[in-house]
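Reproduced below: target-v6.pdb, with PDB, C-alpha atoms and all ligand atoms.
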ATOM      1  CA  MET A   1       0.000   0.000   0.000  1.00  0.00           C
ATOM      2  CA  LEU A   2       2.845   2.364   0.853  1.00  0.00           C
ATOM      3  CA  ARG A   3       4.590   1.483  -2.424  1.00  0.00           C
ATOM      4  CA  TYR A   4       1.407   2.192  -4.356  1.00  0.00           C
ATOM      5  CA  LEU A   5       1.122   5.693  -2.854  1.00  0.00           C
ATOM      6  CA  PHE A   6       4.805   6.345  -3.606  1.00  0.00           C
ATOM      7  CA  LEU A   7       4.289   5.512  -7.290  1.00  0.00           C
ATOM      8  CA  GLU A   8       1.068   7.516  -7.421  1.00  0.00           C
ATOM      9  CA  ILE A   9       2.977  10.634  -6.330  1.00  0.00           C
ATOM     10  CA  LEU A  10       6.450  10.110  -7.803  1.00  0.00           C
ATOM     11  CA  VAL A  11       5.422   9.108 -11.337  1.00  0.00           C
ATOM     12  CA  PRO A  12       3.190  12.178 -11.989  1.00  0.00           C
ATOM     13  CA  VAL A  13       5.902  14.455 -10.584  1.00  0.00           C
ATOM     14  CA  LEU A  14       8.534  12.893 -12.847  1.00  0.00           C
ATOM     15  CA  ILE A  15       6.256  13.201 -15.886  1.00  0.00           C
ATOM     16  CA  PHE A  16       5.449  16.810 -15.007  1.00  0.00           C
ATOM     17  CA  THR A  17       9.151  17.654 -14.641  1.00  0.00           C
ATOM     18  CA  LEU A  18       9.975  15.973 -17.956  1.00  0.00           C
ATOM     19  CA  VAL A  19       7.176  17.738 -19.852  1.00  0.00           C
ATOM     20  CA  ARG A  20       8.119  21.068 -18.319  1.00  0.00           C
ATOM     21  CA  SER A  21      11.774  20.693 -19.372  1.00  0.00           C
ATOM     22  CA  ILE A  22      10.705  19.788 -22.929  1.00  0.00           C
ATOM     23  CA  LEU A  23       8.381  22.805 -23.110  1.00  0.00           C
ATOM     24  CA  ARG A  24      11.132  25.065 -21.782  1.00  0.00           C
ATOM     25  CA  THR A  25      13.541  23.822 -24.470  1.00  0.00           C
ATOM     26  CA  LEU A  26      10.935  24.408 -27.185  1.00  0.00           C
ATOM     27  CA  PHE A  27      10.147  27.863 -25.818  1.00  0.00           C
ATOM     28  CA  GLN A  28      13.817  28.849 -25.759  1.00  0.00           C
ATOM     29  CA  ALA A  29      14.339  27.609 -29.328  1.00  0.00           C
ATOM     30  CA  HIS A  30      11.300  29.623 -30.424  1.00  0.00           C
ATOM     31  CA  ARG A  31      12.590  32.718 -28.626  1.00  0.00           C
ATOM     32  CA  ASN A  32      16.004  32.468 -30.282  1.00  0.00           C
ATOM     33  CA  ALA A  33      14.525  32.275 -33.798  1.00  0.00           C
ATOM     34  CA  PRO A  34      13.781  36.020 -34.337  1.00  0.00           C
ATOM     35  CA  VAL A  35      17.412  36.908 -33.560  1.00  0.00           C
ATOM     36  CA  GLN A  36      18.551  35.034 -36.667  1.00  0.00           C
ATOM     37  CA  ARG A  37      16.035  36.919 -38.851  1.00  0.00           C
ATOM     38  CA  GLN A  38      17.262  40.385 -37.823  1.00  0.00           C
ATOM     39  CA  SER A  39      19.903  40.477 -40.573  1.00  0.00           C
ATOM     40  CA  GLN A  40      17.159  40.460 -43.236  1.00  0.00           C
ATOM     41  CA  THR A  41      15.430  43.552 -41.833  1.00  0.00           C
ATOM     42  CA  SER A  42      18.312  45.913 -42.689  1.00  0.00           C
ATOM     43  CA  PRO A  43      17.197  48.439 -45.346  1.00  0.00           C
ATOM     44  CA  PRO A  44      18.746  48.105 -48.808  1.00  0.00           C
ATOM     45  CA  THR A  45      21.503  50.637 -49.421  1.00  0.00           C
ATOM     46  CA  PRO A  46      20.576  52.976 -52.299  1.00  0.00           C
ATOM     47  CA  VAL A  47      22.994  52.931 -55.221  1.00  0.00           C
ATOM     48  CA  THR A  48      22.652  56.668 -55.747  1.00  0.00           C
ATOM     49  CA  ALA A  49      21.402  59.333 -53.361  1.00  0.00           C
ATOM     50  CA  GLY A  50      19.418  62.123 -55.025  1.00  0.00           C
ATOM     51  CA  GLY A  51      19.880  63.705 -58.406  1.00  0.00           C
ATOM     52  CA  GLU A  52      18.471  62.837 -61.818  1.00  0.00           C
ATOM     53  CA  LEU A  53      19.060  59.428 -63.359  1.00  0.00           C
ATOM     54  CA  LYS A  54      21.013  59.402 -66.612  1.00  0.00           C
ATOM     55  CA  LYS A  55      21.961  56.421 -68.742  1.00  0.00           C
ATOM     56  CA  ASP A  56      25.609  55.561 -69.116  1.00  0.00           C
ATOM     57  CA  PRO A  57      26.033  55.402 -72.943  1.00  0.00           C
ATOM     58  CA  VAL A  58      28.832  52.815 -72.633  1.00  0.00           C
ATOM     59  CA  CYS A  59      27.479  50.105 -70.329  1.00  0.00           C
ATOM     60  CA  GLY A  60      23.812  51.152 -70.105  1.00  0.00           C
ATOM     61  CA  THR A  61      23.807  51.618 -66.337  1.00  0.00           C
ATOM     62  CA  TYR A  62      21.577  54.369 -64.953  1.00  0.00           C
ATOM     63  CA  VAL A  63      23.667  56.745 -62.860  1.00  0.00           C
ATOM     64  CA  SER A  64      22.757  59.735 -60.714  1.00  0.00           C
ATOM     65  CA  THR A  65      23.753  63.183 -61.902  1.00  0.00           C
ATOM     66  CA  HIS A  66      25.070  63.664 -58.374  1.00  0.00           C
ATOM     67  CA  GLY A  67      28.548  62.257 -57.985  1.00  0.00           C
ATOM     68  CA  SER A  68      28.747  60.548 -61.361  1.00  0.00           C
ATOM     69  CA  VAL A  69      31.576  60.883 -63.881  1.00  0.00           C
ATOM     70  CA  THR A  70      30.648  63.428 -66.555  1.00  0.00           C
ATOM     71  CA  ARG A  71      32.086  64.336 -69.925  1.00  0.00           C
ATOM     72  CA  LYS A  72      31.015  67.011 -72.377  1.00  0.00           C
ATOM     73  CA  VAL A  73      31.056  65.843 -75.982  1.00  0.00           C
ATOM     74  CA  ASP A  74      30.078  68.389 -78.698  1.00  0.00           C
ATOM     75  CA  GLY A  75      28.295  70.560 -76.143  1.00  0.00           C
ATOM     76  CA  GLU A  76      26.277  67.629 -74.750  1.00  0.00           C
ATOM     77  CA  LEU A  77      26.925  66.425 -71.232  1.00  0.00           C
ATOM     78  CA  PHE A  78      27.199  62.666 -70.759  1.00  0.00           C
ATOM     79  CA  TYR A  79      27.067  60.813 -67.459  1.00  0.00           C
ATOM     80  CA  PHE A  80      29.149  57.712 -66.774  1.00  0.00           C
ATOM     81  CA  CYS A  81      29.215  55.192 -63.934  1.00  0.00           C
ATOM     82  CA  SER A  82      33.015  55.141 -63.809  1.00  0.00           C
ATOM     83  CA  PRO A  83      36.127  56.757 -65.327  1.00  0.00           C
ATOM     84  CA  GLU A  84      36.652  53.494 -67.224  1.00  0.00           C
ATOM     85  CA  CYS A  85      33.348  53.971 -69.068  1.00  0.00           C
ATOM     86  CA  ARG A  86      34.175  57.635 -69.750  1.00  0.00           C
ATOM     87  CA  ASP A  87      37.517  56.618 -71.253  1.00  0.00           C
ATOM     88  CA  LYS A  88      35.845  53.913 -73.349  1.00  0.00           C
ATOM     89  CA  TYR A  89      33.371  56.484 -74.708  1.00  0.00           C
ATOM     90  CA  ARG A  90      36.195  58.841 -75.609  1.00  0.00           C
ATOM     91  CA  ALA A  91      38.040  56.032 -77.391  1.00  0.00           C
ATOM     92  CA  ALA A  92      34.955  54.970 -79.389  1.00  0.00           C
TER      93      ALA A  92
HETATM   94 ZN    ZN B   1      29.413  52.363 -67.127  1.00  0.00          ZN
END
For the structure just supplied, provide its representation as structure tokens.
Amino acid sequence: MLRYLFLEILVPVLIFTLVRSILRTLFQAHRNAPVQRQSQTSPPTPVTAGGELKKDPVCGTYVSTHGSVTRKVDGELFYFCSPECRDKYRAA
């Protein structure tokens, strides 16, 4: 009779402890998940900040009139993404 009471108390306590530890592990794994997703929330860095977009006549890339490489050919101003493209245009 004493052994029966011991099992009636000990077994539910052991099961409760086991279930609680499993739930705690699952909860901690769930809580750690959003930390890994934070890297995706960073805003995309703009290629050009402000200015009008002009097409690079050499490579076809659209570049901002602010901070781009320019060259005046026959009175017309051309915008280039890089000095390499400007030099290619001059050579052509
Ligand atoms: Zn270019």
Practice task
Measuring atom to atom with only C-alpha atoms and all ligand atoms, identify which of A:Thr61, A:Asp74, A:Val69, A:Lys88 is nearest to ligand ZN 1 (chain B).
Solution key: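 Of A:Thr61, A:Asp74, A:Val69, A:Lys88, the one nearest ligand ZN 1 (chain B), counting only C-alpha atoms and all ligand atoms, is A:Thr61.
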Could you list, with a cut-off of 7 Å and counting only C-alpha atoms and all ligand atoms, the residues of chain A near ligand ZN 1 (chain B), each shown with its nearest atom pair and the distance in Å rounded to one decimal, rows sorted by chain and ascending number, as JSON lines?
{"residue": "A:Asp56", "atom": "CA", "partner": "B:ZN1", "partner_atom": "ZN", "distance": 5.4}
{"residue": "A:Val58", "atom": "CA", "partner": "B:ZN1", "partner_atom": "ZN", "distance": 5.6}
{"residue": "A:Cys59", "atom": "CA", "partner": "B:ZN1", "partner_atom": "ZN", "distance": 4.4}
{"residue": "A:Gly60", "atom": "CA", "partner": "B:ZN1", "partner_atom": "ZN", "distance": 6.5}
{"residue": "A:Thr61", "atom": "CA", "partner": "B:ZN1", "partner_atom": "ZN", "distance": 5.7}
{"residue": "A:Phe80", "atom": "CA", "partner": "B:ZN1", "partner_atom": "ZN", "distance": 5.4}
{"residue": "A:Cys81", "atom": "CA", "partner": "B:ZN1", "partner_atom": "ZN", "distance": 4.3}
{"residue": "A:Ser82", "atom": "CA", "partner": "B:ZN1", "partner_atom": "ZN", "distance": 5.6}
{"residue": "A:Cys85", "atom": "CA", "partner": "B:ZN1", "partner_atom": "ZN", "distance": 4.7}
Straight-line distance linking atom CA of A:Leu5 with atom CA of A:Ser21, stated in Å to one decimal
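That distance, rounded to one decimal, is 24.7 Å.
When atom CA of A:Arg24 is paired with atom CA of A:Leu7, their separation reads 25.3 Å.
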Selection near A:Glu52, 10 Å with all atoms listed in the file, sequence-local residues under 4 positions removed, as a PyMOL selection string:
chain A and resi 48+62-66
Task: Point-to-point distance in Å for atom CA of A:Arg90 and atom CA of A:Leu53 - done: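 Interatomic distance here is 21.1 Å.
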Extending 8 Å beyond the listed atoms of stretch 67-71 of chain A on each side, what axis-aligned box results? I want centre and edge lengths in Å to one decimal, as JSON.
{"center_x": 30.3, "center_y": 62.4, "center_z": -64.0, "size_x": 19.5, "size_y": 19.8, "size_z": 27.9}
